[in-house]
Each structure stands twice: as structure tokens, then as C-alpha cells.
Amino acid sequence: MQIPSMNDILPAEVSVAEAAKYLGVGRKIIYQLLEFGELRSFREHGKIIIDPSSLRDFRESGKQP
């Protein structure tokens with residue numbers, strides 16, 4: 001059994017800035033990944049909220065920029 005690192009623990013709702021930190025990229029890259037459909041998100045009160053499971057899936061896919 002693998003113990004998750006701090007990088008693997010994400011809140012239920014992830015902001016663009018948190019997603020950028022998690023993937024180790026800039027916010028501009030996160031917006032591009034959202035535009036290309038690589039990450040799933042929704043809007044809440046005007047803010048973009050990213051699905052944390054889509055971040056994990058993307059990182060594990062090896063497509064990371």
C-alpha cells in the first residue's frame with residue numbers, strides 16, 4: 001500500500017492557482033488545459049473550480065507539460 005504524499009492530497013474543490021501548484025505549471029497552462037478539455041471544471045460564483053480527480057488523472061497520464 002502506497003502512502004499518499006502531500007502532493008496527492010487535494011481539497012474537494014481546487015482553484016486554478018492550486019491546480020497550477022499541484023501540476024507544477026503556471027496558471028496560463030491550466031487555462032489552456034481547461035480549454036482543450038484535458039481538465040474538468042465548473043463555475044461557482046464566477047470562479048473556476050477544477051475537479052481534483054481530473055488533475056490526478058492528467059498527472060498520471062504522463063501528458064504533463
# chains A, B, ... in the order shown; residues from 1 in each chain; ligands from 1
call {"tool": "residues_around", "arguments": {"residues": "Glu13 (chain A)", "least_positions_apart": "2", "cutoff": "12 Å", "atoms": "only C-alpha atoms", "output": "list of chain:residue names"}}
result
A:Ile9, A:Leu10, A:Pro11, A:Ser15, A:Val16, A:Ala17, A:Glu18, A:Ala19, A:Arg40, A:Ser41, A:Phe42, A:Arg43, A:Glu44, A:Lys47, A:Ile48, A:Ile49, A:Ile50, A:Asp51, A:Pro52, A:Ser53, A:Ser54, A:Leu55
call {"tool": "select_by_dssp", "arguments": {"residues": "chain A", "states": "alpha helix (DSSP H)", "output": "ChimeraX atom specification"}}
result
/A:16-23,27-35,52-61
call {"tool": "write_last_selection", "arguments": {"atoms": "C-alpha atoms", "output": "PDB file, in the first residue's frame"}}
result
ATOM      1  CA  VAL A  16      -6.781  27.427 -10.819  1.00  0.00           C
ATOM      2  CA  ALA A  17      -3.862  28.557  -8.637  1.00  0.00           C
ATOM      3  CA  GLU A  18      -3.966  25.332  -6.585  1.00  0.00           C
ATOM      4  CA  ALA A  19      -4.116  23.245  -9.760  1.00  0.00           C
ATOM      5  CA  ALA A  20      -1.105  25.075 -11.160  1.00  0.00           C
ATOM      6  CA  LYS A  21       0.856  24.402  -7.983  1.00  0.00           C
ATOM      7  CA  TYR A  22      -0.189  20.733  -7.970  1.00  0.00           C
ATOM      8  CA  LEU A  23       0.968  20.206 -11.565  1.00  0.00           C
ATOM      9  CA  ARG A  27      -1.951  29.382 -14.366  1.00  0.00           C
ATOM     10  CA  LYS A  28      -1.859  30.057 -18.123  1.00  0.00           C
ATOM     11  CA  ILE A  29      -1.163  26.351 -18.739  1.00  0.00           C
ATOM     12  CA  ILE A  30      -4.126  25.399 -16.525  1.00  0.00           C
ATOM     13  CA  TYR A  31      -6.413  27.658 -18.562  1.00  0.00           C
ATOM     14  CA  GLN A  32      -5.105  26.038 -21.759  1.00  0.00           C
ATOM     15  CA  LEU A  33      -5.683  22.538 -20.361  1.00  0.00           C
ATOM     16  CA  LEU A  34      -9.242  23.552 -19.470  1.00  0.00           C
ATOM     17  CA  GLU A  35      -9.784  24.970 -22.967  1.00  0.00           C
ATOM     18  CA  PRO A  52      -9.414  17.100  -8.361  1.00  0.00           C
ATOM     19  CA  SER A  53      -9.793  13.645  -9.906  1.00  0.00           C
ATOM     20  CA  SER A  54      -9.186  15.152 -13.365  1.00  0.00           C
ATOM     21  CA  LEU A  55      -5.923  16.635 -12.056  1.00  0.00           C
ATOM     22  CA  ARG A  56      -4.796  13.249 -10.739  1.00  0.00           C
ATOM     23  CA  ASP A  57      -5.835  11.555 -13.984  1.00  0.00           C
ATOM     24  CA  PHE A  58      -3.949  14.118 -16.051  1.00  0.00           C
ATOM     25  CA  ARG A  59      -0.785  13.845 -13.948  1.00  0.00           C
ATOM     26  CA  GLU A  60      -0.874  10.045 -14.063  1.00  0.00           C
ATOM     27  CA  SER A  61      -1.426  10.054 -17.853  1.00  0.00           C
TER      28      SER A  61
END
call {"tool": "select_by_dssp", "arguments": {"residues": "chain A", "states": "strand (DSSP E or B)", "output": "NGL selection string"}}
result
:A and (14 or 41-44 or 47-50)
call {"tool": "write_last_selection", "arguments": {"atoms": "C-alpha atoms", "output": "mmCIF file, in the first residue's frame"}}
result
data_model
loop_
_atom_site.group_PDB
_atom_site.id
_atom_site.type_symbol
_atom_site.label_atom_id
_atom_site.label_comp_id
_atom_site.auth_asym_id
_atom_site.auth_seq_id
_atom_site.Cartn_x
_atom_site.Cartn_y
_atom_site.Cartn_z
ATOM 1 C CA VAL A 14 -9.452 23.075 -6.483
ATOM 2 C CA SER A 41 -14.198 22.074 -14.192
ATOM 3 C CA PHE A 42 -17.307 24.006 -13.269
ATOM 4 C CA ARG A 43 -18.055 27.570 -12.241
ATOM 5 C CA GLU A 44 -19.178 28.511 -8.770
ATOM 6 C CA LYS A 47 -14.815 31.166 -10.003
ATOM 7 C CA ILE A 48 -13.463 28.202 -11.934
ATOM 8 C CA ILE A 49 -13.377 25.081 -9.773
ATOM 9 C CA ILE A 50 -11.354 22.150 -11.098
#
